[in-house]
$ cat protein12.cif   # mmCIF, C-alpha atoms
data_entry
loop_
_atom_site.group_PDB
_atom_site.id
_atom_site.type_symbol
_atom_site.label_atom_id
_atom_site.label_comp_id
_atom_site.auth_asym_id
_atom_site.auth_seq_id
_atom_site.Cartn_x
_atom_site.Cartn_y
_atom_site.Cartn_z
ATOM 1 C CA MET Z 235 23.235 14.902 95.949
ATOM 2 C CA ALA Z 236 21.037 12.713 93.760
ATOM 3 C CA ARG Z 237 19.156 15.793 92.528
ATOM 4 C CA PHE Z 238 22.459 17.476 91.655
ATOM 5 C CA ALA Z 239 23.637 14.408 89.716
ATOM 6 C CA THR Z 240 20.378 14.337 87.782
ATOM 7 C CA LEU Z 241 20.646 18.048 86.990
ATOM 8 C CA LEU Z 242 24.268 17.623 85.874
ATOM 9 C CA ALA Z 243 23.305 14.756 83.568
ATOM 10 C CA CYS Z 244 20.573 16.888 81.994
ATOM 11 C CA LEU Z 245 23.016 19.740 81.421
ATOM 12 C CA VAL Z 246 25.519 17.393 79.767
ATOM 13 C CA LEU Z 247 22.829 16.028 77.449
ATOM 14 C CA ALA Z 248 21.666 19.530 76.580
ATOM 15 C CA ALA Z 249 25.211 20.584 75.749
ATOM 16 C CA ALA Z 250 25.903 17.543 73.556
ATOM 17 C CA PRO Z 251 25.856 18.301 69.813
ATOM 18 C CA LEU Z 252 22.750 17.120 68.018
ATOM 19 C CA ARG Z 253 23.255 14.513 65.299
ATOM 20 C CA ALA Z 254 22.813 16.088 61.888
ATOM 21 C CA ALA Z 255 19.598 15.141 60.122
ATOM 22 C CA PRO Z 256 20.042 12.937 57.038
ATOM 23 C CA ALA Z 257 20.262 14.826 53.766
ATOM 24 C CA ALA Z 258 16.938 15.119 51.951
ATOM 25 C CA ARG Z 259 18.336 15.678 48.436
ATOM 26 C CA VAL Z 260 21.453 13.714 47.561
ATOM 27 C CA VAL Z 261 23.434 13.736 44.313
ATOM 28 C CA SER Z 262 26.242 11.256 43.654
ATOM 29 C CA MET Z 263 29.040 12.074 41.211
ATOM 30 C CA ASN Z 264 31.186 8.931 41.475
ATOM 31 C CA LEU Z 265 30.529 5.399 40.239
ATOM 32 C CA CYS Z 266 31.274 3.882 43.630
ATOM 33 C CA THR Z 267 29.218 6.332 45.676
ATOM 34 C CA ASP Z 268 26.457 5.935 43.071
ATOM 35 C CA GLN Z 269 26.224 2.258 43.940
ATOM 36 C CA LEU Z 270 26.506 2.674 47.701
ATOM 37 C CA ALA Z 271 23.824 5.353 47.645
ATOM 38 C CA MET Z 272 21.484 3.251 45.502
ATOM 39 C CA LEU Z 273 21.838 0.425 48.018
ATOM 40 C CA LEU Z 274 21.066 2.631 51.011
ATOM 41 C CA ALA Z 275 18.991 5.668 50.015
ATOM 42 C CA ARG Z 276 15.316 5.797 50.867
ATOM 43 C CA PRO Z 277 12.835 6.463 48.022
ATOM 44 C CA GLY Z 278 13.141 10.023 46.735
ATOM 45 C CA GLN Z 279 16.326 10.787 48.676
ATOM 46 C CA LEU Z 280 18.834 10.130 45.871
ATOM 47 C CA VAL Z 281 17.929 12.588 43.115
ATOM 48 C CA ALA Z 282 20.679 11.837 40.556
ATOM 49 C CA VAL Z 283 23.699 9.637 39.853
ATOM 50 C CA SER Z 284 26.599 9.978 37.434
ATOM 51 C CA ASP Z 285 26.021 8.884 33.850
ATOM 52 C CA ILE Z 286 28.549 6.047 34.161
ATOM 53 C CA ALA Z 287 26.327 4.377 36.773
ATOM 54 C CA ALA Z 288 23.969 3.314 33.971
ATOM 55 C CA ASP Z 289 26.771 1.924 31.771
ATOM 56 C CA PRO Z 290 26.521 -1.900 31.851
ATOM 57 C CA VAL Z 291 30.205 -2.252 30.970
ATOM 58 C CA SER Z 292 31.381 -0.236 33.968
ATOM 59 C CA SER Z 293 28.638 -0.485 36.571
ATOM 60 C CA ALA Z 294 27.560 -3.501 38.615
ATOM 61 C CA MET Z 295 24.222 -1.739 39.203
ATOM 62 C CA ALA Z 296 23.489 -0.420 35.712
ATOM 63 C CA ALA Z 297 19.933 -1.777 35.757
ATOM 64 C CA GLU Z 298 19.150 -0.087 39.070
ATOM 65 C CA ALA Z 299 20.710 3.184 37.881
ATOM 66 C CA ARG Z 300 18.193 3.484 35.062
ATOM 67 C CA ALA Z 301 15.608 4.449 37.670
ATOM 68 C CA TYR Z 302 17.504 7.677 38.430
ATOM 69 C CA PRO Z 303 18.247 10.863 36.484
ATOM 70 C CA THR Z 304 21.908 11.106 35.489
ATOM 71 C CA HIS Z 305 24.357 13.977 35.130
ATOM 72 C CA HIS Z 306 27.810 14.505 33.624
ATOM 73 C CA ASN Z 307 29.677 15.798 36.685
ATOM 74 C CA SER Z 308 29.488 19.480 35.851
ATOM 75 C CA ALA Z 309 29.106 21.866 38.776
ATOM 76 C CA GLU Z 310 26.277 23.685 36.984
ATOM 77 C CA GLU Z 311 24.263 20.500 36.437
ATOM 78 C CA ILE Z 312 24.665 19.424 40.043
ATOM 79 C CA TYR Z 313 23.949 22.882 41.479
ATOM 80 C CA LEU Z 314 20.671 23.092 39.547
ATOM 81 C CA LEU Z 315 19.566 19.844 41.196
ATOM 82 C CA ALA Z 316 19.565 21.739 44.523
ATOM 83 C CA PRO Z 317 21.269 19.044 46.603
ATOM 84 C CA ASP Z 318 22.005 19.409 50.276
ATOM 85 C CA LEU Z 319 24.620 16.637 50.007
ATOM 86 C CA VAL Z 320 26.916 15.631 47.147
ATOM 87 C CA LEU Z 321 28.787 12.314 47.229
ATOM 88 C CA ALA Z 322 32.184 12.234 45.519
ATOM 89 C CA GLY Z 323 35.267 10.028 45.250
ATOM 90 C CA ASP Z 324 39.000 10.582 45.289
ATOM 91 C CA TYR Z 325 39.026 10.777 41.486
ATOM 92 C CA SER Z 326 35.969 12.976 41.055
ATOM 93 C CA PRO Z 327 36.744 16.159 39.059
ATOM 94 C CA ALA Z 328 38.562 18.394 41.530
ATOM 95 C CA GLU Z 329 37.307 21.591 39.902
ATOM 96 C CA THR Z 330 33.688 20.447 40.252
ATOM 97 C CA VAL Z 331 34.140 19.509 43.911
ATOM 98 C CA SER Z 332 35.888 22.818 44.625
ATOM 99 C CA MET Z 333 33.181 24.851 42.894
ATOM 100 C CA LEU Z 334 30.384 23.069 44.760
ATOM 101 C CA ARG Z 335 32.081 23.718 48.078
ATOM 102 C CA ARG Z 336 32.522 27.386 47.182
ATOM 103 C CA LEU Z 337 28.779 27.422 46.543
ATOM 104 C CA ARG Z 338 28.371 26.153 50.132
ATOM 105 C CA ILE Z 339 27.121 22.734 49.095
ATOM 106 C CA ARG Z 340 28.253 19.939 51.370
ATOM 107 C CA VAL Z 341 30.485 17.423 49.579
ATOM 108 C CA GLU Z 342 31.526 14.131 51.178
ATOM 109 C CA SER Z 343 34.369 12.287 49.428
ATOM 110 C CA PHE Z 344 34.952 8.538 49.697
ATOM 111 C CA PRO Z 345 38.397 6.945 49.201
ATOM 112 C CA ILE Z 346 39.095 3.947 46.980
ATOM 113 C CA GLY Z 347 38.492 0.690 48.834
ATOM 114 C CA GLU Z 348 41.167 -2.000 48.882
ATOM 115 C CA SER Z 349 39.692 -4.609 51.232
ATOM 116 C CA PHE Z 350 36.485 -5.985 52.670
ATOM 117 C CA GLY Z 351 37.251 -3.954 55.777
ATOM 118 C CA ASP Z 352 37.161 -0.856 53.573
ATOM 119 C CA ILE Z 353 33.782 -1.989 52.230
ATOM 120 C CA ARG Z 354 32.383 -2.249 55.750
ATOM 121 C CA THR Z 355 33.710 1.219 56.574
ATOM 122 C CA ALA Z 356 32.243 2.743 53.399
ATOM 123 C CA VAL Z 357 28.844 1.100 53.873
ATOM 124 C CA ARG Z 358 28.602 2.280 57.480
ATOM 125 C CA ARG Z 359 29.655 5.809 56.562
ATOM 126 C CA MET Z 360 27.121 5.975 53.738
ATOM 127 C CA GLY Z 361 24.466 4.565 56.030
ATOM 128 C CA ASP Z 362 25.157 7.312 58.559
ATOM 129 C CA LEU Z 363 25.083 10.042 55.902
ATOM 130 C CA LEU Z 364 21.775 8.831 54.485
ATOM 131 C CA GLY Z 365 20.153 8.049 57.810
ATOM 132 C CA ALA Z 366 20.131 4.306 57.147
ATOM 133 C CA PRO Z 367 22.526 2.745 59.682
ATOM 134 C CA GLU Z 368 20.316 -0.310 60.231
ATOM 135 C CA ARG Z 369 20.131 -1.013 56.501
ATOM 136 C CA ALA Z 370 23.915 -0.605 56.299
ATOM 137 C CA GLU Z 371 24.435 -3.183 59.030
ATOM 138 C CA ARG Z 372 22.098 -5.612 57.257
ATOM 139 C CA LEU Z 373 24.111 -5.288 54.045
ATOM 140 C CA ILE Z 374 27.324 -5.945 55.946
ATOM 141 C CA THR Z 375 25.817 -8.954 57.719
ATOM 142 C CA GLU Z 376 24.650 -10.411 54.394
ATOM 143 C CA MET Z 377 28.079 -9.866 52.839
ATOM 144 C CA ASP Z 378 29.909 -11.386 55.791
ATOM 145 C CA ALA Z 379 27.628 -14.426 55.759
ATOM 146 C CA GLU Z 380 28.607 -15.089 52.150
ATOM 147 C CA LEU Z 381 32.291 -14.583 52.909
ATOM 148 C CA ALA Z 382 32.085 -16.968 55.875
ATOM 149 C CA GLU Z 383 31.347 -20.017 53.713
ATOM 150 C CA PRO Z 384 34.006 -22.673 54.497
ATOM 151 C CA LEU Z 385 36.824 -23.190 52.003
ATOM 152 C CA PRO Z 386 39.045 -26.181 51.225
ATOM 153 C CA ALA Z 387 42.509 -25.959 52.763
ATOM 154 C CA GLU Z 388 44.249 -26.062 49.383
ATOM 155 C CA ARG Z 389 44.605 -22.694 47.647
ATOM 156 C CA PRO Z 390 44.818 -22.941 43.841
ATOM 157 C CA ARG Z 391 47.027 -20.365 42.131
ATOM 158 C CA ALA Z 392 45.064 -17.866 40.052
ATOM 159 C CA ALA Z 393 46.132 -15.200 37.586
ATOM 160 C CA ILE Z 394 44.046 -12.172 36.696
ATOM 161 C CA PHE Z 395 44.759 -11.242 33.082
ATOM 162 C CA TYR Z 396 42.614 -8.515 31.621
ATOM 163 C CA ALA Z 397 42.599 -6.560 28.372
ATOM 164 C CA ASN Z 398 45.980 -5.087 27.421
ATOM 165 C CA GLY Z 399 47.633 -7.551 29.790
ATOM 166 C CA TYR Z 400 46.745 -5.856 33.072
ATOM 167 C CA THR Z 401 46.600 -7.606 36.416
ATOM 168 C CA SER Z 402 45.917 -6.692 40.057
ATOM 169 C CA GLY Z 403 48.461 -7.243 42.817
ATOM 170 C CA THR Z 404 48.463 -6.539 46.530
ATOM 171 C CA GLY Z 405 46.663 -3.483 47.841
ATOM 172 C CA THR Z 406 43.675 -3.998 45.562
ATOM 173 C CA LEU Z 407 40.144 -5.163 46.165
ATOM 174 C CA ALA Z 408 40.669 -7.731 43.398
ATOM 175 C CA ASP Z 409 43.446 -9.331 45.455
ATOM 176 C CA ALA Z 410 41.172 -9.341 48.514
ATOM 177 C CA VAL Z 411 38.448 -11.030 46.444
ATOM 178 C CA LEU Z 412 40.864 -13.744 45.306
ATOM 179 C CA GLU Z 413 41.965 -14.377 48.875
ATOM 180 C CA ALA Z 414 38.362 -14.561 50.100
ATOM 181 C CA ALA Z 415 37.565 -16.999 47.288
ATOM 182 C CA GLY Z 416 40.391 -19.282 48.408
ATOM 183 C CA TYR Z 417 43.020 -18.542 45.771
ATOM 184 C CA SER Z 418 46.632 -17.451 45.802
ATOM 185 C CA ASN Z 419 47.115 -14.434 43.524
ATOM 186 C CA ILE Z 420 50.082 -15.024 41.210
ATOM 187 C CA ALA Z 421 50.616 -11.275 40.768
ATOM 188 C CA ALA Z 422 50.895 -10.893 44.551
ATOM 189 C CA GLU Z 423 53.302 -13.835 44.689
ATOM 190 C CA ASP Z 424 55.438 -11.943 42.166
ATOM 191 C CA GLY Z 425 55.513 -8.895 44.456
ATOM 192 C CA ARG Z 426 53.275 -6.745 42.277
ATOM 193 C CA GLN Z 427 51.250 -3.978 43.867
ATOM 194 C CA GLY Z 428 48.162 -2.225 42.560
ATOM 195 C CA LEU Z 429 47.224 -2.359 38.888
ATOM 196 C CA SER Z 430 50.081 -3.182 36.518
ATOM 197 C CA ARG Z 431 50.866 -4.930 33.270
ATOM 198 C CA PHE Z 432 51.754 -8.594 33.611
ATOM 199 C CA PRO Z 433 54.251 -9.770 30.976
ATOM 200 C CA LEU Z 434 52.778 -12.484 28.804
ATOM 201 C CA GLU Z 435 55.934 -14.560 29.142
ATOM 202 C CA LEU Z 436 55.751 -14.446 32.932
ATOM 203 C CA LEU Z 437 52.116 -15.493 32.842
ATOM 204 C CA ALA Z 438 52.960 -18.446 30.608
ATOM 205 C CA LEU Z 439 55.757 -19.538 32.968
ATOM 206 C CA SER Z 440 53.668 -19.156 36.116
ATOM 207 C CA HIS Z 441 51.350 -22.085 35.259
ATOM 208 C CA PRO Z 442 48.191 -20.817 36.978
ATOM 209 C CA ASP Z 443 45.538 -23.305 38.024
ATOM 210 C CA LEU Z 444 42.900 -20.764 36.988
ATOM 211 C CA LEU Z 445 43.108 -17.902 34.508
ATOM 212 C CA ILE Z 446 40.656 -15.088 35.277
ATOM 213 C CA THR Z 447 39.801 -12.919 32.298
ATOM 214 C CA GLY Z 448 37.511 -9.947 32.012
ATOM 215 C CA GLN Z 449 34.059 -9.794 30.552
ATOM 216 C CA ASP Z 450 33.794 -10.343 26.805
ATOM 217 C CA TYR Z 451 32.024 -7.259 25.472
ATOM 218 C CA GLY Z 452 31.355 -8.840 22.100
ATOM 219 C CA SER Z 453 33.474 -6.355 20.148
ATOM 220 C CA PRO Z 454 36.705 -7.094 18.278
ATOM 221 C CA ALA Z 455 38.735 -4.755 20.466
ATOM 222 C CA ARG Z 456 42.495 -4.998 19.976
ATOM 223 C CA ALA Z 457 42.879 -4.849 23.731
ATOM 224 C CA GLN Z 458 41.269 -8.314 23.936
ATOM 225 C CA GLU Z 459 43.518 -9.874 21.290
ATOM 226 C CA ILE Z 460 46.273 -10.606 23.803
ATOM 227 C CA LEU Z 461 44.000 -13.195 25.420
ATOM 228 C CA LYS Z 462 44.202 -15.232 22.187
ATOM 229 C CA HIS Z 463 48.008 -15.253 22.053
ATOM 230 C CA PRO Z 464 49.523 -18.686 21.224
ATOM 231 C CA ALA Z 465 51.698 -18.444 24.341
ATOM 232 C CA LEU Z 466 48.580 -19.006 26.416
ATOM 233 C CA ALA Z 467 47.499 -22.099 24.492
ATOM 234 C CA HIS Z 468 49.386 -24.535 26.731
ATOM 235 C CA LEU Z 469 47.973 -23.115 29.955
ATOM 236 C CA PRO Z 470 45.281 -25.050 31.832
ATOM 237 C CA GLN Z 471 41.910 -24.535 30.220
ATOM 238 C CA ASP Z 472 40.248 -23.662 33.530
ATOM 239 C CA ARG Z 473 39.194 -20.063 32.967
ATOM 240 C CA ALA Z 474 36.716 -17.757 34.641
ATOM 241 C CA GLN Z 475 35.167 -14.687 33.069
ATOM 242 C CA VAL Z 476 34.511 -12.347 35.978
ATOM 243 C CA SER Z 477 33.865 -8.702 35.223
ATOM 244 C CA ASP Z 478 36.008 -6.292 37.183
ATOM 245 C CA LYS Z 479 32.928 -4.096 37.635
ATOM 246 C CA LEU Z 480 32.138 -6.349 40.611
ATOM 247 C CA TRP Z 481 35.306 -5.296 42.415
ATOM 248 C CA VAL Z 482 36.220 -1.918 40.961
ATOM 249 C CA CYS Z 483 34.192 -0.335 43.786
ATOM 250 C CA ALA Z 484 34.176 -1.048 47.509
ATOM 251 C CA THR Z 485 30.573 -2.242 47.714
ATOM 252 C CA PRO Z 486 28.981 -5.487 48.927
ATOM 253 C CA ARG Z 487 28.716 -6.563 45.276
ATOM 254 C CA ALA Z 488 32.333 -7.737 45.625
ATOM 255 C CA ALA Z 489 30.948 -10.746 47.488
ATOM 256 C CA GLU Z 490 29.288 -11.790 44.213
ATOM 257 C CA ALA Z 491 32.731 -11.996 42.607
ATOM 258 C CA VAL Z 492 33.865 -14.192 45.508
ATOM 259 C CA ARG Z 493 30.907 -16.518 44.925
ATOM 260 C CA LEU Z 494 31.591 -16.741 41.175
ATOM 261 C CA LEU Z 495 35.264 -17.526 41.721
ATOM 262 C CA ARG Z 496 34.501 -20.185 44.316
ATOM 263 C CA ALA Z 497 32.183 -21.825 41.796
ATOM 264 C CA ALA Z 498 34.980 -21.725 39.181
ATOM 265 C CA ARG Z 499 37.447 -23.533 41.451
ATOM 266 C CA PRO Z 500 39.400 -26.158 39.456
ATOM 267 C CA GLU Z 501 38.657 -29.767 40.335
#

$ encode --input "protein12.cif" --output "structure tokens"
Amino acid sequence: MARFATLLACLVLAAAPLRAAPAARVVSMNLCTDQLAMLLARPGQLVAVSDIAADPVSSAMAAEARAYPTHHNSAEEIYLLAPDLVLAGDYSPAETVSMLRRLRIRVESFPIGESFGDIRTAVRRMGDLLGAPERAERLITEMDAELAEPLPAERPRAAIFYANGYTSGTGTLADAVLEAAGYSNIAAEDGRQGLSRFPLELLALSHPDLLITGQDYGSPARAQEILKHPALAHLPQDRAQVSDKLWVCATPRAAEAVRLLRAARPE
């Protein structure tokens, strides 16, 4: 009976599907997968990232991206790189993704992340795809350690007010960052979801304890002029410049935004 059980166990193991080997040549065509892949890929595994990954205005890892060749998301460019795995996002060019799949190139698409739970899921998935599950778990552990820092019981009210008067409500990673940093998001209090314009008058009447504005790019863009409106003059002068590039993607870099906002907490 024992011999039969041993034989049966061997047969079950033999029949089990083998885990796919990690891709040897990986190309990323999405800003968020660019960053996840740069965090987790072994040397020589990631052969190219999208051109936006090296843009310091948009990318939280622009400096790291300069070490990689870039492409412009055309199917021809990517095909000539001979990848065995392409990383895409929900908003990657559909025609490029479709063409690559017709060419029998494996494409894995990642959804937009809206929470720290989504970040953990994305990091683990990328770690599995790139054969780096242990590194993925280390990144998650480091992120969670930063998020676990104790917070005061009081939650100041914060308003995100970016160029052209945009804000982030519930269902966004920005809202999750505010919550983790110990703030109440005024846009969420107002019932706003996702990215939307926040009327200047409503902002002025909401009396935030902290006004969070985007990064100043040093150019006289008209989109930034709204931040100088006289209606904002009477608001508390506690302001934090935190670039949304830290939370536009579901990566562990969002924990850096949490740290910056905790440091900006009004006295």

$ closest_residue --input "protein12.cif" --among "Z:Leu466, Z:Gly448, Z:Arg487, Z:Tyr396" --to "Arg354 in chain Z" --atoms "only C-alpha atoms"
Z:Arg487

$ resolve_selection --input "protein12.cif" --expression "the PyMOL selection byres ((chain Z and resi 274) around 7)" --output "list of chain:residue names"
Z:Leu270, Z:Ala271, Z:Met272, Z:Leu273, Z:Ala275, Z:Arg276, Z:Gly361, Z:Ala366, Z:Arg369, Z:Ala370

$ resolve_selection --input "protein12.cif" --expression "the PyMOL selection byres ((chain Z and resi 282-292) around 8)" --output "PyMOL selection string"
chain Z and resi 260-265+268-269+280-281+293-300+302-307+451+479

$ resolve_selection --input "protein12.cif" --expression "the PyMOL selection byres ((chain Z and resi 330-347) around 8)" --output "ChimeraX atom specification"
/Z:267,307-309,313,317-324,326-329,348-350,352-353,356,406-407,483-484

$ write_last_selection --input "protein12.cif" --atoms "C-alpha atoms" --output "PDB file, in the coordinates of the input"
ATOM      1  CA  THR Z 267      29.218   6.332  45.676  1.00  0.00           C
ATOM      2  CA  ASN Z 307      29.677  15.798  36.685  1.00  0.00           C
ATOM      3  CA  SER Z 308      29.488  19.480  35.851  1.00  0.00           C
ATOM      4  CA  ALA Z 309      29.106  21.866  38.776  1.00  0.00           C
ATOM      5  CA  TYR Z 313      23.949  22.882  41.479  1.00  0.00           C
ATOM      6  CA  PRO Z 317      21.269  19.044  46.603  1.00  0.00           C
ATOM      7  CA  ASP Z 318      22.005  19.409  50.276  1.00  0.00           C
ATOM      8  CA  LEU Z 319      24.620  16.637  50.007  1.00  0.00           C
ATOM      9  CA  VAL Z 320      26.916  15.631  47.147  1.00  0.00           C
ATOM     10  CA  LEU Z 321      28.787  12.314  47.229  1.00  0.00           C
ATOM     11  CA  ALA Z 322      32.184  12.234  45.519  1.00  0.00           C
ATOM     12  CA  GLY Z 323      35.267  10.028  45.250  1.00  0.00           C
ATOM     13  CA  ASP Z 324      39.000  10.582  45.289  1.00  0.00           C
ATOM     14  CA  SER Z 326      35.969  12.976  41.055  1.00  0.00           C
ATOM     15  CA  PRO Z 327      36.744  16.159  39.059  1.00  0.00           C
ATOM     16  CA  ALA Z 328      38.562  18.394  41.530  1.00  0.00           C
ATOM     17  CA  GLU Z 329      37.307  21.591  39.902  1.00  0.00           C
ATOM     18  CA  GLU Z 348      41.167  -2.000  48.882  1.00  0.00           C
ATOM     19  CA  SER Z 349      39.692  -4.609  51.232  1.00  0.00           C
ATOM     20  CA  PHE Z 350      36.485  -5.985  52.670  1.00  0.00           C
ATOM     21  CA  ASP Z 352      37.161  -0.856  53.573  1.00  0.00           C
ATOM     22  CA  ILE Z 353      33.782  -1.989  52.230  1.00  0.00           C
ATOM     23  CA  ALA Z 356      32.243   2.743  53.399  1.00  0.00           C
ATOM     24  CA  THR Z 406      43.675  -3.998  45.562  1.00  0.00           C
ATOM     25  CA  LEU Z 407      40.144  -5.163  46.165  1.00  0.00           C
ATOM     26  CA  CYS Z 483      34.192  -0.335  43.786  1.00  0.00           C
ATOM     27  CA  ALA Z 484      34.176  -1.048  47.509  1.00  0.00           C
TER      28      ALA Z 484
END

$ atom_distance --input "protein12.cif" --atom1 "CA of Glu413 in chain Z" --atom2 "CA of Leu444 in chain Z"
13.5 Å

$ residues_around --input "protein12.cif" --residues "Glu388 in chain Z" --least-positions-apart "4" --cutoff "10 Å" --atoms "only C-alpha atoms" --output "PyMOL selection string"
chain Z and resi 416-418

$ residues_around --input "protein12.cif" --residues "Pro442 in chain Z" --least-positions-apart "2" --cutoff "8 Å" --atoms "all atoms listed in the file" --output "PDB file with C-alpha atoms, in the coordinates of the input"
ATOM      1  CA  PRO Z 390      44.818 -22.941  43.841  1.00  0.00           C
ATOM      2  CA  ARG Z 391      47.027 -20.365  42.131  1.00  0.00           C
ATOM      3  CA  ALA Z 392      45.064 -17.866  40.052  1.00  0.00           C
ATOM      4  CA  ALA Z 393      46.132 -15.200  37.586  1.00  0.00           C
ATOM      5  CA  ILE Z 420      50.082 -15.024  41.210  1.00  0.00           C
ATOM      6  CA  LEU Z 437      52.116 -15.493  32.842  1.00  0.00           C
ATOM      7  CA  SER Z 440      53.668 -19.156  36.116  1.00  0.00           C
ATOM      8  CA  LEU Z 444      42.900 -20.764  36.988  1.00  0.00           C
ATOM      9  CA  LEU Z 445      43.108 -17.902  34.508  1.00  0.00           C
ATOM     10  CA  LEU Z 469      47.973 -23.115  29.955  1.00  0.00           C
ATOM     11  CA  PRO Z 470      45.281 -25.050  31.832  1.00  0.00           C
TER      12      PRO Z 470
END
